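For reference, my_file-v9.txt is printed below; it contains compact mmCIF, C-alpha atoms and all ligand atoms.
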# COMPACT_ATOMS: atom_id res chain seq x y z
CA MET A 1 20.75 17.69 5.52
CA ILE A 2 22.77 19.15 2.72
CA SER A 3 21.94 22.51 1.34
CA ILE A 4 23.42 24.05 -1.75
CA SER A 5 23.69 27.78 -2.13
CA ILE A 6 23.95 29.54 -5.45
CA ASN A 7 27.53 30.49 -4.51
CA ASN A 8 28.53 26.85 -4.62
CA LEU A 9 27.93 26.78 -8.32
CA THR A 10 31.15 28.69 -8.84
CA LEU A 11 33.29 26.29 -6.78
CA LYS A 12 36.10 24.45 -8.48
CA THR A 13 36.02 20.81 -9.50
CA PRO A 14 37.44 18.98 -6.45
CA VAL A 15 34.88 20.63 -4.18
CA LYS A 16 32.14 19.83 -6.68
CA VAL A 17 33.16 16.20 -6.61
CA ILE A 18 33.05 16.10 -2.82
CA ARG A 19 29.65 17.76 -2.85
CA ASN A 20 28.40 15.22 -5.40
CA LEU A 21 29.61 12.37 -3.26
CA THR A 22 27.92 13.80 -0.19
CA LEU A 23 24.61 14.06 -2.01
CA VAL A 24 24.99 10.59 -3.38
CA THR A 25 25.78 9.18 0.05
CA ALA A 26 22.67 10.81 1.46
CA LEU A 27 20.58 9.33 -1.34
CA MET A 28 22.07 5.91 -0.84
CA ALA A 29 21.61 5.98 2.91
CA SER A 30 17.89 6.56 2.53
CA ALA A 31 17.55 3.93 -0.18
CA SER A 32 19.31 1.34 1.98
CA SER A 33 16.87 1.83 4.80
CA VAL A 34 14.02 1.15 2.37
CA TYR A 35 15.78 -2.03 1.43
CA ALA A 36 15.82 -3.07 5.08
CA ASN A 37 12.15 -2.17 5.54
CA THR A 38 10.92 -4.15 2.59
CA ASN A 39 13.14 -7.05 3.63
CA GLY A 40 14.42 -7.62 0.14
CA GLN A 41 11.01 -8.32 -1.37
CA ALA A 42 11.56 -6.02 -4.31
CA MET A 43 15.16 -6.77 -5.26
CA ASP A 44 17.78 -9.11 -3.88
CA LYS A 45 20.68 -7.54 -2.06
CA PRO A 46 23.37 -7.89 -4.78
CA THR A 47 21.00 -6.31 -7.35
CA MET A 48 20.13 -3.55 -4.94
CA MET A 49 23.79 -2.79 -4.33
CA ALA A 50 24.57 -2.82 -8.03
CA MET A 51 21.69 -0.39 -8.67
CA GLN A 52 22.94 1.90 -5.92
CA LYS A 53 26.23 2.10 -7.80
CA VAL A 54 24.40 2.95 -11.02
CA MET A 55 22.36 5.67 -9.29
CA LYS A 56 25.55 6.99 -7.76
CA SER A 57 27.30 7.37 -11.10
CA ASP A 58 24.17 8.89 -12.68
CA MET A 59 23.86 11.39 -9.82
CA ALA A 60 27.49 12.41 -10.22
CA LEU A 61 26.73 13.50 -13.80
CA MET A 62 23.77 15.70 -12.83
CA LYS A 63 23.95 19.42 -12.24
CA PRO A 64 23.39 20.50 -8.63
CA ASP A 65 19.76 21.61 -9.05
CA LEU A 66 18.79 18.25 -10.54
CA GLN A 67 20.75 16.38 -7.88
CA LYS A 68 18.79 18.28 -5.29
CA GLN A 69 15.49 17.40 -6.96
CA VAL A 70 16.40 13.73 -7.15
CA GLN A 71 17.59 13.73 -3.57
CA GLY A 72 14.22 15.16 -2.53
CA LEU A 73 12.28 12.23 -4.03
CA SER A 74 10.64 9.82 -1.60
CA LYS A 75 12.30 6.54 -0.65
CA LYS A 76 9.51 4.74 -2.46
CA THR A 77 10.22 6.59 -5.71
CA LYS A 78 13.96 5.95 -5.40
CA MET A 79 13.31 2.24 -4.90
CA GLU A 80 10.98 2.13 -7.91
CA LEU A 81 13.60 3.89 -10.02
CA MET A 82 16.20 1.34 -8.99
CA LYS A 83 13.82 -1.51 -9.79
CA ILE A 84 13.30 -0.06 -13.27
CA LEU A 85 17.06 0.37 -13.72
CA SER A 86 17.61 -3.25 -12.70
CA GLY A 87 15.81 -4.41 -15.86
CA HIS A 88 18.60 -2.91 -17.98
CA ASN A 89 22.21 -3.93 -18.33
CA ARG A 90 23.03 -1.82 -21.39
CA ARG A 91 24.09 1.74 -20.64
CA SER A 92 25.42 4.36 -23.00
CA LYS A 93 28.03 6.94 -22.14
CA GLN A 94 26.88 9.40 -24.80
CA LEU A 95 23.43 8.66 -26.22
CA THR A 96 20.48 10.85 -25.28
CA LEU A 97 17.02 9.54 -24.40
CA ARG A 98 15.77 10.75 -27.78
CA GLN A 99 18.33 8.60 -29.58
CA VAL A 100 17.52 5.62 -27.38
CA MET A 101 13.81 6.14 -28.12
CA HIS A 102 14.44 5.98 -31.86
CA GLU A 103 16.26 2.70 -31.30
CA VAL A 104 13.27 1.46 -29.23
CA LEU A 105 10.98 2.38 -32.11
CA SER A 106 13.18 0.35 -34.51
CA ASP A 107 13.00 -2.64 -32.19
CA TYR A 108 9.22 -2.32 -32.00
CA GLN A 109 9.03 -2.23 -35.80
CA SER A 110 11.30 -5.26 -35.99
CA ILE A 111 8.93 -7.17 -33.67
CA VAL A 112 6.06 -6.36 -36.02
CA SER A 113 8.10 -7.49 -39.05
CA GLY A 114 8.98 -10.74 -37.34
CA LEU A 115 5.38 -11.51 -36.45
CA ALA A 116 4.09 -10.50 -39.88
CA THR A 117 6.48 -12.94 -41.53
CA ASP A 118 6.18 -15.84 -39.07
CA ASN A 119 9.74 -15.15 -37.98
CA THR A 120 9.23 -15.79 -34.29
CA GLU A 121 12.97 -15.66 -33.67
CA GLN A 122 13.22 -12.10 -34.98
CA ALA A 123 10.14 -11.12 -32.97
CA ALA A 124 11.45 -12.66 -29.73
CA ASP A 125 14.96 -11.23 -30.07
CA SER A 126 13.66 -7.76 -30.92
CA ALA A 127 11.22 -7.85 -28.01
CA ARG A 128 13.97 -8.77 -25.55
CA ARG A 129 16.16 -6.07 -27.01
CA LEU A 130 13.35 -3.56 -26.58
CA ALA A 131 12.72 -4.63 -22.99
CA ASN A 132 16.41 -4.27 -22.18
CA HIS A 133 16.83 -1.05 -24.14
CA ARG A 134 19.96 0.98 -23.59
CA LEU A 135 19.80 3.62 -20.88
CA PRO A 136 20.90 7.09 -21.97
CA VAL A 137 23.81 8.92 -20.38
CA GLY A 138 22.84 10.00 -16.86
CA GLY A 139 19.77 7.70 -16.78
CA LEU A 140 16.17 8.69 -17.56
CA ILE A 141 15.60 11.53 -15.11
CA PRO A 142 17.83 14.19 -16.73
CA TYR A 143 15.60 14.03 -19.82
CA MET A 144 12.38 14.69 -17.94
CA ALA A 145 11.11 18.25 -17.63
CA LYS A 146 11.95 19.89 -14.33
CA LYS A 147 8.25 19.96 -13.37
CA ASP A 148 8.02 16.17 -13.81
CA VAL A 149 10.83 15.25 -11.48
CA ASN A 150 8.57 14.65 -8.49
CA ASP A 151 7.05 11.65 -6.73
CA GLU A 152 3.64 12.02 -8.34
CA SER A 153 4.77 12.06 -11.99
CA LEU A 154 7.50 9.48 -11.49
CA ALA A 155 5.05 7.07 -9.82
CA SER A 156 3.44 6.59 -13.22
CA LEU A 157 6.70 5.19 -14.61
CA VAL A 158 6.10 1.84 -12.91
CA GLY A 159 2.91 1.20 -14.88
CA PHE A 160 4.38 2.43 -18.16
CA ASN A 161 7.39 0.24 -17.61
CA ASP A 162 5.25 -2.85 -17.19
CA LEU A 163 3.11 -1.96 -20.21
CA VAL A 164 6.16 -1.60 -22.45
CA GLU A 165 8.85 -3.84 -21.02
CA GLY A 166 6.66 -6.37 -19.21
CA ASN A 167 4.55 -6.97 -22.32
CA SER A 168 7.66 -7.12 -24.53
CA LEU A 169 8.97 -9.97 -22.39
CA ARG A 170 5.55 -11.68 -22.47
CA LEU A 171 5.55 -11.28 -26.24
CA ALA A 172 9.04 -12.82 -26.45
CA ALA A 173 7.95 -15.82 -24.35
CA ALA A 174 4.90 -16.38 -26.58
CA ALA A 175 7.03 -16.03 -29.73
CA ASP A 176 9.54 -18.56 -28.34
CA LYS A 177 6.68 -21.05 -28.10
CA GLY A 178 5.70 -20.29 -31.69
CA ASN A 179 2.47 -18.75 -30.49
CA THR A 180 2.26 -15.83 -32.91
CA GLY A 181 -1.39 -15.08 -32.12
CA GLU A 182 -0.72 -14.55 -28.46
CA ALA A 183 2.51 -12.67 -29.23
CA ALA A 184 0.66 -10.26 -31.53
CA SER A 185 -1.90 -9.57 -28.82
CA TYR A 186 0.79 -7.76 -26.79
CA LEU A 187 1.62 -5.26 -29.55
CA GLY A 188 -1.27 -2.98 -28.68
CA LYS A 189 -0.42 -3.02 -24.98
CA ILE A 190 3.17 -2.08 -25.69
CA ALA A 191 2.01 0.80 -27.90
CA GLU A 192 -0.37 1.92 -25.13
CA GLY A 193 2.65 2.17 -22.85
CA CYS A 194 4.59 4.30 -25.36
CA VAL A 195 1.65 6.65 -25.84
CA ALA A 196 0.80 6.94 -22.14
CA CYS A 197 4.36 7.77 -21.17
CA HIS A 198 4.63 10.35 -23.93
CA GLN A 199 1.42 11.98 -22.69
CA VAL A 200 3.01 12.55 -19.30
CA PHE A 201 6.67 13.10 -20.08
CA ARG A 202 6.96 14.25 -23.69
CA GLY A 203 5.54 17.21 -25.50
CA GLN A 204 4.98 17.37 -29.24
CA PRO A 205 8.33 16.45 -30.80
CA GLY A 206 10.23 19.04 -32.80
CA ARG A 207 8.05 22.07 -32.09
CA SER A 208 9.35 25.36 -33.44
CA ASP A 209 9.76 28.33 -31.15
CA ARG A 210 9.73 30.60 -34.22
CA LEU A 211 6.02 30.19 -34.83
CA ARG A 212 3.56 32.58 -33.25
C1 LIG B 1 9.39 6.22 -19.67
C2 LIG B 1 8.48 6.91 -20.54
C3 LIG B 1 8.51 6.56 -22.01
C4 LIG B 1 8.15 5.36 -22.58
C5 LIG B 1 7.64 4.12 -21.88
C6 LIG B 1 8.35 5.53 -23.99
N1 LIG B 1 8.81 6.78 -24.28
FE1 LIG B 1 9.35 7.47 -26.09
N2 LIG B 1 9.90 9.24 -25.24
C7 LIG B 1 9.84 9.55 -23.91
C8 LIG B 1 10.36 10.89 -23.69
C9 LIG B 1 10.48 11.61 -22.33
C10 LIG B 1 10.74 11.37 -24.95
C11 LIG B 1 11.36 12.75 -25.27
C12 LIG B 1 12.86 12.64 -25.20
C13 LIG B 1 13.54 13.92 -25.57
O1 LIG B 1 13.16 14.54 -26.57
O2 LIG B 1 14.50 14.27 -24.86
C14 LIG B 1 10.44 10.31 -25.91
C15 LIG B 1 10.69 10.38 -27.27
C16 LIG B 1 10.42 9.40 -28.19
C17 LIG B 1 10.75 9.47 -29.58
C18 LIG B 1 11.48 10.61 -30.24
C19 LIG B 1 10.60 11.66 -30.80
C20 LIG B 1 11.46 12.79 -31.30
O3 LIG B 1 11.43 13.84 -30.69
O4 LIG B 1 12.20 12.58 -32.25
C21 LIG B 1 10.34 8.30 -30.16
C22 LIG B 1 10.50 7.87 -31.62
C23 LIG B 1 9.76 7.49 -29.13
N3 LIG B 1 9.83 8.19 -27.92
C24 LIG B 1 9.25 6.22 -29.31
C25 LIG B 1 8.78 5.41 -28.30
C26 LIG B 1 8.25 4.08 -28.48
C27 LIG B 1 8.09 3.38 -29.83
C28 LIG B 1 7.91 3.61 -27.25
C29 LIG B 1 7.28 2.30 -26.86
C30 LIG B 1 7.83 1.08 -27.43
C31 LIG B 1 8.25 4.65 -26.29
N4 LIG B 1 8.77 5.72 -26.97
C32 LIG B 1 8.09 4.53 -24.92
C33 LIG B 1 9.34 8.75 -22.91
C34 LIG B 1 8.93 7.44 -23.09
What would the structure in this file look like if it were written as structure tokens?
Ligand code: HEC
Amino acid sequence: MISISINNLTLKTPVKVIRNLTLVTALMASASSVYANTNGQAMDKPTMMAMQKVMKSDMALMKPDLQKQVQGLSKKTKMELMKILSGHNRRSKQLTLRQVMHEVLSDYQSIVSGLATDNTEQAADSARRLANHRLPVGGLIPYMAKKDVNDESLASLVGFNDLVEGNSLRLAAAADKGNTGEAASYLGKIAEGCVACHQVFRGQPGRSDRLR
């Protein structure tokens, strides 16, 4: 097992890179064994390997204490995270989660506009865009509070992901068929997913630390 002492924080870049790679390799090794155990039920092998690359580059961007936290997650959590990542092929090199979230909100509003005006094409496109929202730089984890980077909190992501992204895709399929009634019925479920995830992972936005 790899252990990081406080002293390592002062090491120069090349050593840091090697340390990052070692951590990443350890993470990947454990994820691969999960792949073997589940016999590819969750993801096919090429997807799995592509997601390992994504996790690897995300891990390399994290500071050592976060890398350590991520490395300590269970194999199950790591697999779930990779499954969630596999639903996204748009990644940003500079946007934060907050910026991505504002874009997600715009897409949600655009779905509503499309449905309200019988523009099923706008609704379907916006819903697919929402489901495949951009991932912020470093992935989702760096934007979670330190206390939430654990197996228990992260397990709830799977359900929130289906509520938001699963129902967005269902909405798009219904809109494609011109079935606006069914499409509209998913709006509430998507919103439930936004709210539920915020209850776990987000505090009240924009709070001042200058108030008593
Ligand atoms: C995976 C959990 C998760 C889901 C699902 C989610 N959010 Fe968020 N959202 C967050 C987190 C965490 C933040 C805080 C990000 C930050 O401030 O760094 C956030 C922040 C936001 C913000 C920014 C608020 C601010 O501080 O300016 C908006 C807007 C937002 N979310 C909209 C939505 C909408 C709309 C949906 C559903 C379509 C949604 N979110 C679904 C986790 C989630």
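The space between CA of Cys197 (chain A) and atom C32 of ligand LIG 1 (chain B) spans 6.2 Å.
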message: Using all atoms listed in the file and a cutoff of 10 Å, can you tell me which residues are near (9.5, 17.8, -22.5) in the file's coordinates, and write them out as a PyMOL selection string?
response: chain A and resi 143-148+198-205
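Shortest separation to Asp176 (chain A) among A:Ser126, A:Ser106, A:Thr47, A:Ser208 occurs at residue A:Ser126, atoms counted being all atoms listed in the file.
Using only C-alpha atoms, the shortest contact distance between Gly114 (chain A) and any of A:Gly87, A:Gly178, A:Pro136, A:Gly159 is found at A:Gly178.
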message: List as an MDAnalysis selection string the protein and nucleic acid residues lying within 10 Å of ligand LIG 1 (chain B), with only C-alpha atoms and all ligand atoms counted.
response: chainID A and resid 84 96:109 127 130:131 133 140:145 148 154 156:165 168 187 189:207
statement: One residue among A:Thr77, A:Leu171, A:Ser113, A:Pro64 is nearest to Gly188 (chain A) when using all atoms listed in the file, and that residue is A:Leu171
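Pairwise distance (CA of Ala123 (chain A), CA of Gly138 (chain A)) equals 29.4 Å.
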Kindly assemble as CSV a list of the region 133-200 of chain A residues that lie within 12 Å of region 116-122 of chain A, each paired with its nearest atom pair and their distance in Å to one decimal, using all atoms listed in the file, sorted first by chain and then by ascending residue number.
residue,atom,partner,partner_atom,distance
A:Leu171,CA,A:Thr120,CA,9.9
A:Ala172,CA,A:Thr120,CA,8.4
A:Ala173,CA,A:Thr120,CA,10.0
A:Ala174,CA,A:Thr120,CA,8.9
A:Ala175,CA,A:Thr120,CA,5.1
A:Asp176,CA,A:Thr120,CA,6.6
A:Lys177,CA,A:Thr120,CA,8.5
A:Gly178,CA,A:Thr120,CA,6.3
A:Asn179,CA,A:Thr120,CA,8.3
A:Thr180,CA,A:Thr120,CA,7.1
A:Gly181,CA,A:Asp118,CA,10.3
A:Glu182,CA,A:Thr120,CA,11.6
A:Ala183,CA,A:Thr120,CA,9.0
A:Ala184,CA,A:Ala116,CA,9.0
A:Leu187,CA,A:Ala116,CA,11.8
task: Find the residue from A:Val137, A:Asn150, A:Asn167, A:Ser86 that sits nearest to Asp44 (chain A); use only C-alpha atoms when measuring.
output: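 With only C-alpha atoms as the atom set, the closest residue is A:Ser86.
Here CA of Ala155 (chain A) and CA of Asp65 (chain A) stand 20.7 Å from one another.
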task: Counting all atoms listed in the file, figure out which residue out of A:Gln71, A:Asn132, A:Ser185, A:Ser57 gets nearest to Lys93 (chain A).
output: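 Going through A:Gln71, A:Asn132, A:Ser185, A:Ser57 one by one, the smallest distance to Lys93 (chain A) is for A:Ser57.
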field: Best match for closeness to Tyr186 (chain A) among A:Gly139, A:Lys68, A:Val112, A:Arg134, counting all atoms listed in the file
entry: A:Val112
